[in-house]
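Listing of protein-v9.cif; format and content: mmCIF, C-alpha atoms.
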data_upload
loop_
_atom_site.label_atom_id
_atom_site.label_comp_id
_atom_site.auth_asym_id
_atom_site.auth_seq_id
_atom_site.Cartn_x
_atom_site.Cartn_y
_atom_site.Cartn_z
CA MET B 1 -1.48 20.26 9.03
CA LEU B 2 -1.34 21.90 12.45
CA LEU B 3 -5.12 21.76 12.70
CA SER B 4 -5.16 18.06 11.97
CA LEU B 5 -2.44 17.43 14.57
CA VAL B 6 -4.40 19.32 17.22
CA LEU B 7 -7.58 17.46 16.33
CA PHE B 8 -5.69 14.17 16.40
CA ALA B 9 -4.41 14.95 19.88
CA VAL B 10 -7.82 15.97 21.21
CA GLY B 11 -9.61 13.07 19.53
CA LEU B 12 -7.11 10.49 20.70
CA TYR B 13 -7.20 11.83 24.25
CA GLY B 14 -10.97 11.80 24.24
CA GLY B 15 -11.12 8.38 22.70
CA LEU B 16 -8.42 6.65 24.67
CA VAL B 17 -8.72 8.33 28.06
CA MET B 18 -12.07 9.99 28.50
CA ALA B 19 -14.50 7.64 26.81
CA PRO B 20 -15.70 4.84 29.11
CA ALA B 21 -14.83 1.25 28.29
CA ASP B 22 -17.46 -0.68 26.42
CA TYR B 23 -19.45 -3.01 28.66
CA GLN B 24 -19.03 -5.96 26.33
CA GLN B 25 -15.78 -5.36 24.54
CA GLY B 26 -13.80 -3.65 27.25
CA ASP B 27 -10.98 -1.44 26.12
CA SER B 28 -10.41 -3.02 22.73
CA PHE B 29 -13.35 -1.15 21.26
CA ARG B 30 -11.13 1.95 21.31
CA ILE B 31 -9.58 0.94 18.02
CA ILE B 32 -12.70 2.30 16.34
CA TYR B 33 -11.23 5.76 16.79
CA ILE B 34 -8.75 4.84 14.09
CA HIS B 35 -10.73 2.22 12.24
CA VAL B 36 -14.00 4.01 11.59
CA PRO B 37 -12.63 7.38 10.44
CA SER B 38 -10.19 5.70 8.09
CA ALA B 39 -12.96 3.54 6.66
CA TRP B 40 -15.12 6.62 6.13
CA MET B 41 -12.20 8.42 4.56
CA SER B 42 -11.46 5.52 2.23
CA LEU B 43 -14.88 6.04 0.65
CA PHE B 44 -14.75 9.81 0.79
CA VAL B 45 -11.34 9.97 -0.89
CA TYR B 46 -12.53 7.67 -3.63
CA MET B 47 -15.47 9.96 -4.30
CA VAL B 48 -13.16 12.98 -4.40
CA MET B 49 -10.82 11.14 -6.73
CA ALA B 50 -13.53 10.01 -9.12
CA ILE B 51 -15.40 13.33 -9.18
CA SER B 52 -12.28 15.42 -9.72
CA GLY B 53 -11.17 12.90 -12.33
CA GLY B 54 -14.50 13.40 -14.06
CA ILE B 55 -14.13 17.18 -13.87
CA GLY B 56 -10.69 16.87 -15.41
CA LEU B 57 -12.08 14.63 -18.12
CA ILE B 58 -14.94 16.93 -19.06
CA TRP B 59 -13.48 20.40 -18.70
CA HIS B 60 -9.80 19.48 -19.18
CA MET B 61 -8.87 21.16 -15.93
CA LYS B 62 -5.32 20.29 -15.09
CA ILE B 63 -5.72 20.97 -11.38
CA ALA B 64 -8.59 18.47 -11.09
CA GLU B 65 -6.47 15.81 -12.74
CA ILE B 66 -3.69 16.51 -10.28
CA VAL B 67 -6.08 16.29 -7.32
CA ALA B 68 -7.29 12.89 -8.53
CA ARG B 69 -3.77 11.70 -9.05
CA SER B 70 -2.51 12.78 -5.65
CA SER B 71 -5.57 11.46 -3.81
CA ALA B 72 -5.15 7.86 -4.92
CA PRO B 73 -2.19 6.80 -2.71
CA ILE B 74 -3.72 8.52 0.34
CA GLY B 75 -7.03 6.80 -0.21
CA ALA B 76 -5.31 3.47 -0.68
CA SER B 77 -3.47 3.90 2.62
CA PHE B 78 -6.71 4.83 4.45
CA THR B 79 -8.30 1.68 3.07
CA PHE B 80 -5.30 -0.34 4.12
CA ILE B 81 -5.39 1.14 7.64
CA ALA B 82 -9.09 0.36 7.91
CA LEU B 83 -8.47 -3.24 6.91
CA VAL B 84 -5.49 -3.72 9.20
CA THR B 85 -7.09 -2.16 12.27
CA GLY B 86 -10.21 -4.18 11.58
CA ALA B 87 -8.15 -7.33 11.51
CA ILE B 88 -6.36 -6.41 14.72
CA TRP B 89 -9.74 -5.80 16.38
CA GLY B 90 -11.20 -8.96 14.88
CA LYS B 91 -8.56 -11.23 16.34
CA PRO B 92 -9.59 -10.86 20.02
CA MET B 93 -13.27 -10.16 19.27
CA TRP B 94 -14.19 -12.70 16.62
CA GLY B 95 -11.21 -14.96 17.21
CA THR B 96 -10.01 -14.62 13.66
CA TRP B 97 -8.06 -12.14 11.58
CA TRP B 98 -10.29 -12.34 8.57
CA VAL B 99 -13.87 -13.30 7.86
CA TRP B 100 -15.45 -13.38 4.42
CA ASP B 101 -18.03 -10.92 5.54
CA ALA B 102 -19.55 -8.55 3.02
CA ARG B 103 -18.15 -5.40 4.56
CA LEU B 104 -14.62 -6.76 4.71
CA THR B 105 -14.80 -8.06 1.17
CA SER B 106 -16.16 -4.81 -0.19
CA GLU B 107 -13.42 -2.84 1.54
CA LEU B 108 -10.86 -5.20 0.04
CA ILE B 109 -12.34 -4.66 -3.42
CA LEU B 110 -12.05 -0.93 -2.80
CA LEU B 111 -8.36 -1.38 -2.03
CA PHE B 112 -7.93 -3.28 -5.29
CA LEU B 113 -9.68 -0.48 -7.16
CA TYR B 114 -7.24 2.03 -5.70
CA LEU B 115 -4.26 -0.14 -6.55
CA GLY B 116 -5.52 -0.66 -10.09
CA PHE B 117 -5.87 3.11 -10.46
CA ILE B 118 -2.31 3.67 -9.24
CA ALA B 119 -1.00 0.91 -11.50
CA LEU B 120 -2.73 2.44 -14.49
CA GLN B 121 -1.38 5.89 -13.65
CA SER B 122 2.16 4.63 -13.54
CA ALA B 123 1.84 2.73 -16.81
CA PHE B 124 1.67 5.83 -18.97
CA GLU B 125 4.54 8.10 -19.90
CA ASP B 126 2.37 11.10 -20.60
CA ARG B 127 0.69 12.48 -17.49
CA ARG B 128 -2.27 14.04 -19.23
CA VAL B 129 -3.14 10.76 -20.93
CA ALA B 130 -2.60 8.93 -17.65
CA ALA B 131 -4.92 11.30 -15.83
CA ARG B 132 -7.70 10.93 -18.36
CA ALA B 133 -7.38 7.16 -18.55
CA GLY B 134 -7.35 6.98 -14.77
CA ALA B 135 -10.43 9.19 -14.60
CA ILE B 136 -12.39 6.77 -16.76
CA LEU B 137 -11.33 3.87 -14.58
CA ALA B 138 -12.28 5.76 -11.42
CA LEU B 139 -15.68 6.63 -12.86
CA VAL B 140 -16.31 3.02 -13.82
CA GLY B 141 -15.31 2.03 -10.30
CA ILE B 142 -17.71 4.55 -8.78
CA VAL B 143 -20.58 2.60 -10.31
CA ASN B 144 -19.20 -0.33 -8.41
CA ILE B 145 -19.13 1.38 -5.03
CA PRO B 146 -22.85 1.68 -4.31
CA ILE B 147 -23.31 -1.82 -5.66
CA ILE B 148 -20.76 -3.16 -3.23
CA HIS B 149 -22.15 -1.21 -0.33
CA TYR B 150 -25.79 -2.06 -0.86
CA SER B 151 -24.85 -5.67 -1.31
CA VAL B 152 -23.44 -5.45 2.21
CA GLU B 153 -26.79 -5.21 3.92
CA TRP B 154 -28.35 -7.53 1.43
CA TRP B 155 -25.72 -10.14 1.92
CA ASN B 156 -25.89 -9.90 5.70
CA THR B 157 -29.60 -10.58 5.75
CA LEU B 158 -29.02 -13.71 3.73
CA HIS B 159 -25.97 -14.99 5.51
CA GLN B 160 -26.31 -13.30 8.87
CA GLY B 161 -22.74 -12.14 9.05
CA PRO B 162 -20.87 -12.17 12.34
CA THR B 163 -20.96 -8.41 12.69
CA VAL B 164 -23.41 -5.56 12.50
CA THR B 165 -22.03 -2.06 12.44
CA LYS B 166 -22.86 -0.28 15.64
CA PHE B 167 -23.32 3.10 14.05
CA ASP B 168 -26.36 2.21 12.02
CA SER B 169 -28.30 2.56 15.25
CA PRO B 170 -27.93 5.73 17.32
CA SER B 171 -27.21 3.58 20.36
CA ILE B 172 -23.68 4.83 20.77
CA HIS B 173 -23.17 6.93 23.87
CA LEU B 174 -22.39 10.61 23.47
CA SER B 175 -19.08 10.35 25.33
CA MET B 176 -17.92 7.81 22.77
CA LEU B 177 -19.42 9.61 19.79
CA ILE B 178 -17.82 13.02 20.27
CA PRO B 179 -14.18 11.79 20.18
CA LEU B 180 -15.12 9.75 17.14
CA LEU B 181 -16.41 12.81 15.33
CA ILE B 182 -13.31 14.78 16.32
CA MET B 183 -11.15 11.97 15.00
CA SER B 184 -13.00 11.93 11.70
CA LEU B 185 -12.48 15.68 11.43
CA ALA B 186 -8.81 15.11 12.15
CA PHE B 187 -8.61 12.49 9.41
CA THR B 188 -10.37 14.78 6.96
CA SER B 189 -8.08 17.72 7.63
CA TYR B 190 -5.07 15.42 7.49
CA TYR B 191 -6.22 14.18 4.10
CA PHE B 192 -6.63 17.68 2.74
CA SER B 193 -3.28 18.90 4.02
CA VAL B 194 -1.40 15.89 2.63
CA MET B 195 -3.33 16.02 -0.62
CA LEU B 196 -2.57 19.72 -1.10
CA THR B 197 1.12 19.15 -0.34
CA ARG B 198 1.21 16.36 -2.90
CA CYS B 199 -0.59 18.57 -5.41
CA ARG B 200 1.95 21.31 -4.89
CA SER B 201 4.89 19.02 -5.58
CA GLU B 202 3.07 17.47 -8.54
CA ILE B 203 2.54 20.89 -10.07
CA LEU B 204 6.16 21.90 -9.47
CA GLU B 205 7.35 18.66 -11.04
CA TYR B 206 4.99 19.04 -13.97
CA GLU B 207 5.95 22.64 -14.65
CA ALA B 208 9.62 22.08 -13.91
CA ASN B 209 10.62 23.78 -17.15
CA ALA B 210 8.34 26.77 -16.77
CA ASN B 211 9.77 30.16 -15.97
CA TRP B 212 7.79 30.81 -12.83
CA VAL B 213 9.17 27.67 -11.21
CA LYS B 214 12.70 28.78 -11.95
CA GLU B 215 11.97 32.24 -10.56
CA LEU B 216 10.43 30.70 -7.48
CA LEU B 217 13.48 28.53 -6.94
CA THR B 218 15.94 31.37 -7.43
CA THR B 219 14.07 33.74 -5.09
CA LYS B 220 13.70 31.01 -2.49
CA THR B 221 17.38 30.15 -2.58
CA ALA B 222 18.31 33.85 -2.64
CA SER B 223 16.24 34.58 0.44
CA ILE B 224 17.83 31.65 2.25
CA MET J 1 -32.35 1.88 -39.93
CA ALA J 2 -30.29 1.29 -43.00
CA THR J 3 -27.95 4.15 -42.30
CA ARG J 4 -27.30 3.84 -38.60
CA PHE J 5 -27.09 0.12 -38.12
CA THR J 6 -25.40 -0.95 -41.34
CA PRO J 7 -21.88 -0.31 -39.99
CA PHE J 8 -22.83 -2.09 -36.77
CA ILE J 9 -23.78 -5.20 -38.71
CA CYS J 10 -20.78 -4.89 -41.01
CA ILE J 11 -18.34 -4.85 -38.11
CA LEU J 12 -20.16 -7.68 -36.39
CA LYS J 13 -19.95 -9.78 -39.56
CA ARG J 14 -16.31 -8.89 -40.15
CA ASP J 15 -15.28 -9.87 -36.62
CA LEU J 16 -17.23 -13.11 -36.75
CA ILE J 17 -15.67 -14.03 -40.09
CA ILE J 18 -12.19 -13.29 -38.76
CA ALA J 19 -12.90 -15.43 -35.72
CA CYS J 20 -14.13 -18.30 -37.88
CA ARG J 21 -11.01 -18.16 -40.00
CA ASN J 22 -8.79 -18.46 -36.92
CA ARG J 23 -10.47 -21.49 -35.49
CA TYR J 24 -7.63 -22.36 -33.16
CA GLU J 25 -7.79 -19.01 -31.43
CA LEU J 26 -11.46 -19.73 -30.92
CA ILE J 27 -10.70 -23.03 -29.25
CA ASN J 28 -7.82 -21.85 -27.09
CA PRO J 29 -9.90 -20.26 -24.31
CA LEU J 30 -12.03 -23.38 -24.15
CA LEU J 31 -8.97 -25.60 -23.84
CA PHE J 32 -7.65 -23.31 -21.14
CA PHE J 33 -11.01 -23.53 -19.37
CA ILE J 34 -11.03 -27.33 -19.37
CA MET J 35 -7.40 -27.60 -18.28
CA VAL J 36 -7.90 -25.29 -15.32
CA ILE J 37 -11.00 -27.28 -14.33
CA VAL J 38 -8.79 -30.36 -14.32
CA LEU J 39 -6.26 -28.58 -12.10
CA PHE J 40 -8.71 -28.31 -9.21
CA PRO J 41 -9.21 -32.04 -8.54
CA LEU J 42 -5.48 -32.56 -9.00
CA ALA J 43 -4.72 -29.94 -6.37
CA MET J 44 -7.47 -30.69 -3.87
CA GLY J 45 -7.78 -34.43 -4.08
CA THR J 46 -10.59 -36.43 -5.60
CA ASP J 47 -12.96 -36.46 -2.65
CA GLN J 48 -16.36 -36.59 -4.38
CA THR J 49 -18.48 -34.72 -1.84
CA MET J 50 -15.98 -31.91 -1.44
CA LEU J 51 -15.61 -31.55 -5.20
CA ARG J 52 -19.36 -31.43 -5.71
CA ASP J 53 -19.56 -28.54 -3.27
CA ILE J 54 -17.05 -26.43 -5.12
CA THR J 55 -17.90 -27.42 -8.70
CA ALA J 56 -20.12 -24.44 -9.49
CA GLY J 57 -17.69 -21.94 -8.00
CA MET J 58 -14.80 -23.59 -9.78
CA ILE J 59 -16.62 -23.33 -13.11
CA TRP J 60 -17.46 -19.66 -12.57
CA VAL J 61 -13.95 -18.67 -11.53
CA THR J 62 -12.44 -20.53 -14.45
CA ALA J 63 -14.88 -19.00 -16.92
CA LEU J 64 -13.97 -15.59 -15.52
CA LEU J 65 -10.26 -16.24 -15.96
CA ALA J 66 -10.73 -17.60 -19.46
CA SER J 67 -12.71 -14.55 -20.51
CA THR J 68 -10.07 -12.27 -18.96
CA LEU J 69 -7.35 -13.94 -20.98
CA SER J 70 -9.32 -13.74 -24.19
CA LEU J 71 -10.13 -10.04 -23.77
CA ASP J 72 -6.76 -8.91 -24.98
CA ALA J 73 -7.59 -10.12 -28.49
CA MET J 74 -10.59 -7.80 -28.75
CA PHE J 75 -8.70 -4.77 -29.99
CA ARG J 76 -5.06 -5.84 -30.27
CA THR J 77 -4.78 -6.84 -33.93
CA ASP J 78 -7.06 -4.00 -34.98
CA PHE J 79 -4.93 -1.58 -33.01
CA GLU J 80 -1.74 -2.88 -34.56
CA ASP J 81 -2.94 -2.65 -38.16
CA GLY J 82 -4.57 0.73 -37.56
CA SER J 83 -8.20 -0.19 -38.11
CA VAL J 84 -9.12 1.12 -34.66
CA GLU J 85 -7.96 4.54 -35.79
CA GLN J 86 -10.10 4.24 -38.88
CA LEU J 87 -13.07 3.41 -36.67
CA THR J 88 -12.56 6.53 -34.58
CA LEU J 89 -12.27 8.63 -37.74
CA SER J 90 -15.51 7.36 -39.24
CA ASN J 91 -18.71 9.39 -39.35
CA TYR J 92 -20.68 6.81 -37.46
CA PRO J 93 -20.87 6.95 -33.67
CA LEU J 94 -17.89 5.16 -32.22
CA THR J 95 -20.03 3.90 -29.35
CA LEU J 96 -22.09 1.82 -31.75
CA LEU J 97 -19.07 0.48 -33.60
CA VAL J 98 -17.40 -0.49 -30.35
CA GLY J 99 -20.64 -2.13 -29.27
CA ALA J 100 -20.51 -4.33 -32.36
CA LYS J 101 -16.97 -5.41 -31.53
CA ILE J 102 -17.97 -6.25 -27.95
CA LEU J 103 -20.99 -8.23 -29.13
CA ALA J 104 -18.82 -10.15 -31.58
CA HIS J 105 -16.32 -10.90 -28.82
CA TRP J 106 -19.06 -12.21 -26.56
CA LEU J 107 -20.53 -14.38 -29.31
CA VAL J 108 -17.11 -15.82 -30.07
CA THR J 109 -15.83 -16.42 -26.52
CA GLY J 110 -18.77 -16.07 -24.13
CA VAL J 111 -21.29 -18.36 -25.79
CA PRO J 112 -18.93 -21.33 -26.28
CA LEU J 113 -17.79 -20.89 -22.67
CA ILE J 114 -21.37 -21.12 -21.44
CA LEU J 115 -21.98 -24.30 -23.42
CA VAL J 116 -18.78 -25.95 -22.25
CA SER J 117 -19.50 -24.91 -18.66
CA LEU J 118 -22.87 -26.62 -18.80
CA LEU J 119 -21.29 -29.76 -20.20
CA VAL J 120 -18.61 -29.76 -17.52
CA GLY J 121 -21.19 -29.09 -14.81
CA TYR J 122 -23.29 -31.98 -16.04
CA ILE J 123 -20.33 -34.36 -16.13
CA LEU J 124 -19.29 -33.31 -12.62
CA SER J 125 -22.84 -34.19 -11.48
CA LEU J 126 -24.26 -30.83 -10.51
CA SER J 127 -27.92 -30.99 -9.53
CA TYR J 128 -30.46 -29.89 -12.13
CA ALA J 129 -31.40 -26.75 -10.18
CA ALA J 130 -27.77 -25.74 -9.73
CA LEU J 131 -27.11 -26.37 -13.41
CA MET J 132 -30.01 -24.13 -14.40
CA ALA J 133 -28.83 -21.41 -12.02
CA LEU J 134 -25.33 -21.73 -13.44
CA PHE J 135 -26.71 -21.40 -16.96
CA ILE J 136 -28.79 -18.31 -16.16
CA THR J 137 -26.02 -16.55 -14.24
CA LEU J 138 -23.48 -17.29 -16.95
CA LEU J 139 -25.90 -16.08 -19.59
CA LEU J 140 -26.39 -12.80 -17.73
CA GLY J 141 -22.85 -12.57 -16.39
CA THR J 142 -20.53 -13.26 -19.31
CA PRO J 143 -21.81 -10.29 -21.38
CA ILE J 144 -21.09 -8.08 -18.35
CA LEU J 145 -17.57 -9.49 -18.27
CA SER J 146 -17.07 -8.69 -21.95
CA LEU J 147 -18.51 -5.19 -21.60
CA ILE J 148 -16.51 -4.19 -18.53
CA GLY J 149 -13.44 -5.87 -19.94
CA ALA J 150 -13.71 -3.82 -23.12
CA ILE J 151 -13.24 -0.61 -21.13
CA ALA J 152 -10.09 -1.90 -19.49
CA VAL J 153 -8.76 -3.29 -22.76
CA ALA J 154 -9.33 0.04 -24.46
CA LEU J 155 -7.50 1.79 -21.61
CA THR J 156 -4.48 -0.49 -21.67
CA ILE J 157 -4.30 -1.03 -25.42
CA GLY J 158 -0.76 -0.72 -26.68
CA LEU J 159 0.72 -0.89 -23.19
CA ARG J 160 2.83 -3.90 -22.51
CA GLY J 161 1.83 -6.53 -20.03
CA GLY J 162 -1.47 -8.34 -19.67
CA MET J 163 -0.95 -8.24 -15.93
CA LEU J 164 -2.11 -4.64 -15.73
CA LEU J 165 -5.29 -5.57 -17.58
CA SER J 166 -6.12 -8.30 -15.08
CA LEU J 167 -5.39 -5.96 -12.17
CA LEU J 168 -7.85 -3.43 -13.52
CA ILE J 169 -10.64 -5.84 -14.37
CA LEU J 170 -10.73 -8.36 -11.57
CA PRO J 171 -12.01 -5.94 -8.86
CA LEU J 172 -14.76 -4.91 -11.24
CA TYR J 173 -15.64 -8.54 -11.90
CA MET J 174 -16.01 -9.43 -8.23
CA PRO J 175 -19.63 -8.25 -7.74
CA VAL J 176 -20.74 -10.31 -10.73
CA LEU J 177 -19.06 -13.36 -9.27
CA ILE J 178 -20.55 -12.73 -5.82
CA PHE J 179 -24.12 -12.49 -7.07
CA SER J 180 -23.78 -15.43 -9.41
CA MET J 181 -22.47 -17.65 -6.68
CA LEU J 182 -25.25 -16.51 -4.33
CA ALA J 183 -27.76 -17.55 -6.97
CA VAL J 184 -26.14 -20.94 -7.54
CA ASN J 185 -25.93 -21.64 -3.81
CA ASN J 186 -29.56 -20.64 -3.32
CA ALA J 187 -30.58 -22.96 -6.12
CA ASN J 188 -28.62 -25.74 -4.48
CA ASP J 189 -30.57 -25.20 -1.26
CA GLY J 190 -33.85 -25.16 -3.15
CA LEU J 191 -34.43 -21.43 -2.71
CA SER J 192 -35.54 -18.86 -5.24
CA ILE J 193 -32.84 -17.22 -7.35
CA SER J 194 -34.94 -14.45 -8.88
CA ALA J 195 -33.50 -11.65 -6.69
CA GLU J 196 -29.93 -12.34 -7.75
CA CYS J 197 -30.97 -12.78 -11.36
CA TYR J 198 -32.79 -9.45 -11.38
CA PHE J 199 -29.72 -7.84 -9.91
CA LEU J 200 -27.45 -9.38 -12.53
CA ALA J 201 -29.89 -8.33 -15.24
CA GLY J 202 -29.83 -4.79 -13.87
CA LEU J 203 -26.04 -4.82 -13.93
CA LEU J 204 -26.16 -6.09 -17.49
CA VAL J 205 -28.47 -3.27 -18.61
CA LEU J 206 -26.23 -0.75 -16.89
CA ALA J 207 -23.16 -2.23 -18.55
CA ILE J 208 -24.80 -2.31 -21.99
CA THR J 209 -25.75 1.34 -21.78
CA LEU J 210 -22.56 2.71 -20.24
CA ALA J 211 -19.69 0.41 -21.17
CA PRO J 212 -19.63 1.13 -24.94
CA VAL J 213 -19.59 4.87 -24.20
CA ALA J 214 -16.71 4.46 -21.75
CA THR J 215 -14.87 2.16 -24.16
CA ALA J 216 -15.23 4.67 -26.98
CA ALA J 217 -13.96 7.47 -24.73
CA SER J 218 -10.98 5.35 -23.64
CA LEU J 219 -10.09 4.52 -27.23
CA ARG J 220 -10.15 8.20 -28.13
CA ILE J 221 -7.89 8.98 -25.18
CA ARG J 222 -5.44 6.26 -26.14
CA LEU J 223 -5.29 7.44 -29.73
CA SER J 224 -5.15 11.16 -29.03
#
With the file now loaded, output its structure as structure tokens.
Amino acid sequence: MLLSLVLFAVGLYGGLVMAPADYQQGDSFRIIYIHVPSAWMSLFVYMVMAISGGIGLIWHMKIAEIVARSSAPIGASFTFIALVTGAIWGKPMWGTWWVWDARLTSELILLFLYLGFIALQSAFEDRRVAARAGAILALVGIVNIPIIHYSVEWWNTLHQGPTVTKFDSPSIHLSMLIPLLIMSLAFTSYYFSVMLTRCRSEILEYEANANWVKELLTTKTASI
Amino acid sequence: MATRFTPFICILKRDLIIACRNRYELINPLLFFIMVIVLFPLAMGTDQTMLRDITAGMIWVTALLASTLSLDAMFRTDFEDGSVEQLTLSNYPLTLLVGAKILAHWLVTGVPLILVSLLVGYILSLSYAALMALFITLLLGTPILSLIGAIAVALTIGLRGGMLLSLLILPLYMPVLIFSMLAVNNANDGLSISAECYFLAGLLVLAITLAPVATAASLRIRLS
């Protein structure tokens, strides 16, 4: 948690203060320091969720199920942040909040996948059943992800969308790139710290009747 | 041959006979389809040129909704009277048995939908090329809808609320819709539609191979 805070501070300083303004977009390009890492993380978290869900499904590992379960809300919020910051950037740059561009649409579908996963999780009483059902859904959705993301380039060549991602070409200047990488590290470490905290509380909730939880609680309260 | 595929054919026959006995349930999705088609001109005005532009998309979206609503029937009655449990207990591979049920569902709801869509498209004066593209994409697309839908139905079987089902399926349906509409629009502009059709066919093959396995796994989870 501390690591991610430090990285956030360094990355934001580098991105907002040190990096030069873009010659075309001026200062508003700086939103990429939030937008791009959260978009990367939205995909990364989905992969973590689906793979750990699959591990839980195959080897019946409880911890993998819990990781998948606690990743979903974080991933959904990263996706949401990516969409919102993109819209805020799009308003002055493209003159509109929303364009039916392939990348925006695919990110929106990703958000729906996350929300469907969460909805399915909450529909079951039994957590083990919920985790396994959710894992199947996540694995089905993972088939969808490369499809969506290859269709991006494909669709753009047909329709010539209004945007091309800058990072496909290595044309970004080093002074802009380094804060971006630091920010993505910050996002990654933030994800892991929040995910592990969520896992911990999930496990405590799940094992609330077990002896070791009671012992833990009594020793904690005794030491306080 | 006789051993492995006999149960497949038996289930297919049984489901088709049941569907033929309940003729009104067979017609209901079609009625729904036609009524929703009628809603569009009522809502958007009867401007001929505007309507002709959106006809193909309107037909696809409505077909998608109709197939979503009819999905629920795939396993519900069988789940309630316990025959799904008998299927999972049988010696034959559940994947194959589930495949028969999905095929029956597509024959009963998908095929009539395709025919009615063509009729509606013809009446609403779609061009010949667009009509052909609509036919091909529906032919490739509706089985995908049934196959993907089966997974979600198996996951949500016995849970209350069809809303959850739609939430889970619609994001997975979006790529199919995107590629189908690309094909229809290309056909309208006099371009080739083979790329989109190959893509849809690839999706269909993927769905045929994976969806019955996933559906069988979901059923086992729900019944465990």
Who sits within 10 Å of stretch 64-74 of chain B, all atoms listed in the file, same chain under 3 positions skipped, as a CSV table (one decimal) with C-alpha atoms, keeping the file's coordinate frame:
chain,number,residue,atom,x,y,z
B,41,MET,CA,-12.2,8.4,4.6
B,42,SER,CA,-11.5,5.5,2.2
B,45,VAL,CA,-11.3,10.0,-0.9
B,46,TYR,CA,-12.5,7.7,-3.6
B,47,MET,CA,-15.5,10.0,-4.3
B,48,VAL,CA,-13.2,13.0,-4.4
B,49,MET,CA,-10.8,11.1,-6.7
B,50,ALA,CA,-13.5,10.0,-9.1
B,51,ILE,CA,-15.4,13.3,-9.2
B,52,SER,CA,-12.3,15.4,-9.7
B,53,GLY,CA,-11.2,12.9,-12.3
B,54,GLY,CA,-14.5,13.4,-14.1
B,55,ILE,CA,-14.1,17.2,-13.9
B,56,GLY,CA,-10.7,16.9,-15.4
B,57,LEU,CA,-12.1,14.6,-18.1
B,59,TRP,CA,-13.5,20.4,-18.7
B,60,HIS,CA,-9.8,19.5,-19.2
B,61,MET,CA,-8.9,21.2,-15.9
B,77,SER,CA,-3.5,3.9,2.6
B,78,PHE,CA,-6.7,4.8,4.4
B,79,THR,CA,-8.3,1.7,3.1
B,80,PHE,CA,-5.3,-0.3,4.1
B,113,LEU,CA,-9.7,-0.5,-7.2
B,114,TYR,CA,-7.2,2.0,-5.7
B,115,LEU,CA,-4.3,-0.1,-6.6
B,116,GLY,CA,-5.5,-0.7,-10.1
B,117,PHE,CA,-5.9,3.1,-10.5
B,118,ILE,CA,-2.3,3.7,-9.2
B,121,GLN,CA,-1.4,5.9,-13.6
B,127,ARG,CA,0.7,12.5,-17.5
B,128,ARG,CA,-2.3,14.0,-19.2
B,130,ALA,CA,-2.6,8.9,-17.6
B,131,ALA,CA,-4.9,11.3,-15.8
B,132,ARG,CA,-7.7,10.9,-18.4
B,134,GLY,CA,-7.4,7.0,-14.8
B,135,ALA,CA,-10.4,9.2,-14.6
B,138,ALA,CA,-12.3,5.8,-11.4
B,191,TYR,CA,-6.2,14.2,4.1
B,192,PHE,CA,-6.6,17.7,2.7
B,194,VAL,CA,-1.4,15.9,2.6
B,195,MET,CA,-3.3,16.0,-0.6
B,196,LEU,CA,-2.6,19.7,-1.1
B,197,THR,CA,1.1,19.2,-0.3
B,198,ARG,CA,1.2,16.4,-2.9
B,199,CYS,CA,-0.6,18.6,-5.4
B,200,ARG,CA,2.0,21.3,-4.9
B,201,SER,CA,4.9,19.0,-5.6
B,202,GLU,CA,3.1,17.5,-8.5
B,203,ILE,CA,2.5,20.9,-10.1
B,206,TYR,CA,5.0,19.0,-14.0
Calculate how many Å separate atom CA of J:Asp81 from atom CA of B:Ala123, rounding to one decimal.
-> 22.5 Å
Applied to the shown file, which residues does the PyMOL selection byres ((chain J) within 8 of (chain B)) return, written as a list of chain:residue names?
-> J:Ala152, J:Leu155, J:Thr156, J:Leu159, J:Leu164, J:Leu167, J:Leu168, J:Pro171, J:Leu172, J:Met174, J:Pro175, J:Ala214, J:Ser218, J:Ile221, J:Arg222
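Summary of the local environment: counting all atoms listed in the file, residues at most 10 Å from B:Leu181, other than itself and those fewer than 6 positions away along its chain, are Gly11, Tyr33, Val36, Pro37 and Phe187 of chain B.
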Please produce a file of the residues just selected, as a short mmCIF file (atom, residue, chain, number, x, y, z; two decimals), in the coordinates of the input, where the atoms kept are C-alpha atoms.
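Dumped everything to selection_8.cif:
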data_model
loop_
_atom_site.label_atom_id
_atom_site.label_comp_id
_atom_site.auth_asym_id
_atom_site.auth_seq_id
_atom_site.Cartn_x
_atom_site.Cartn_y
_atom_site.Cartn_z
CA GLY B 11 -9.61 13.07 19.53
CA TYR B 33 -11.23 5.76 16.79
CA VAL B 36 -14.00 4.01 11.59
CA PRO B 37 -12.63 7.38 10.44
CA PHE B 187 -8.61 12.49 9.41
#
Given the file shown, enumerate the residues that the PyMOL selection byres ((chain B and resi 83) around 9) captures and present them as a list in words.
->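 Against this file, the PyMOL selection byres ((chain B and resi 83) around 9) returns the residues His35, Ala39, Phe78, Thr79, Phe80, Ile81, Ala82, Val84, Thr85, Gly86, Ala87, Ile88, Leu104, Glu107 and Leu108 of chain B.
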What is the atom CA of J:Gly149 to atom CA of J:Val108 distance in Å?
-> 14.7 Å
Nearby residues (only C-alpha atoms) at most 12 Å from J:Met44, same-chain spacing under 5 positions excluded, as a ChimeraX atom specification | /J:37-39,49-51,54-55,58
Applied to this file, what does the PyMOL selection byres ((chain J and resi 12) around 12) return in terms of residues, put as JSON, numbers by chain?
-> {"J": [5, 6, 7, 8, 9, 10, 11, 13, 14, 15, 16, 17, 18, 19, 96, 97, 98, 99, 100, 101, 102, 103, 104, 105, 106, 107, 108]}
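Of the residues listed (J:Leu210, J:Phe75, J:Leu139, J:Leu126), J:Phe75 shows the shortest atom-to-atom separation from J:Leu87; distances use all atoms listed in the file.
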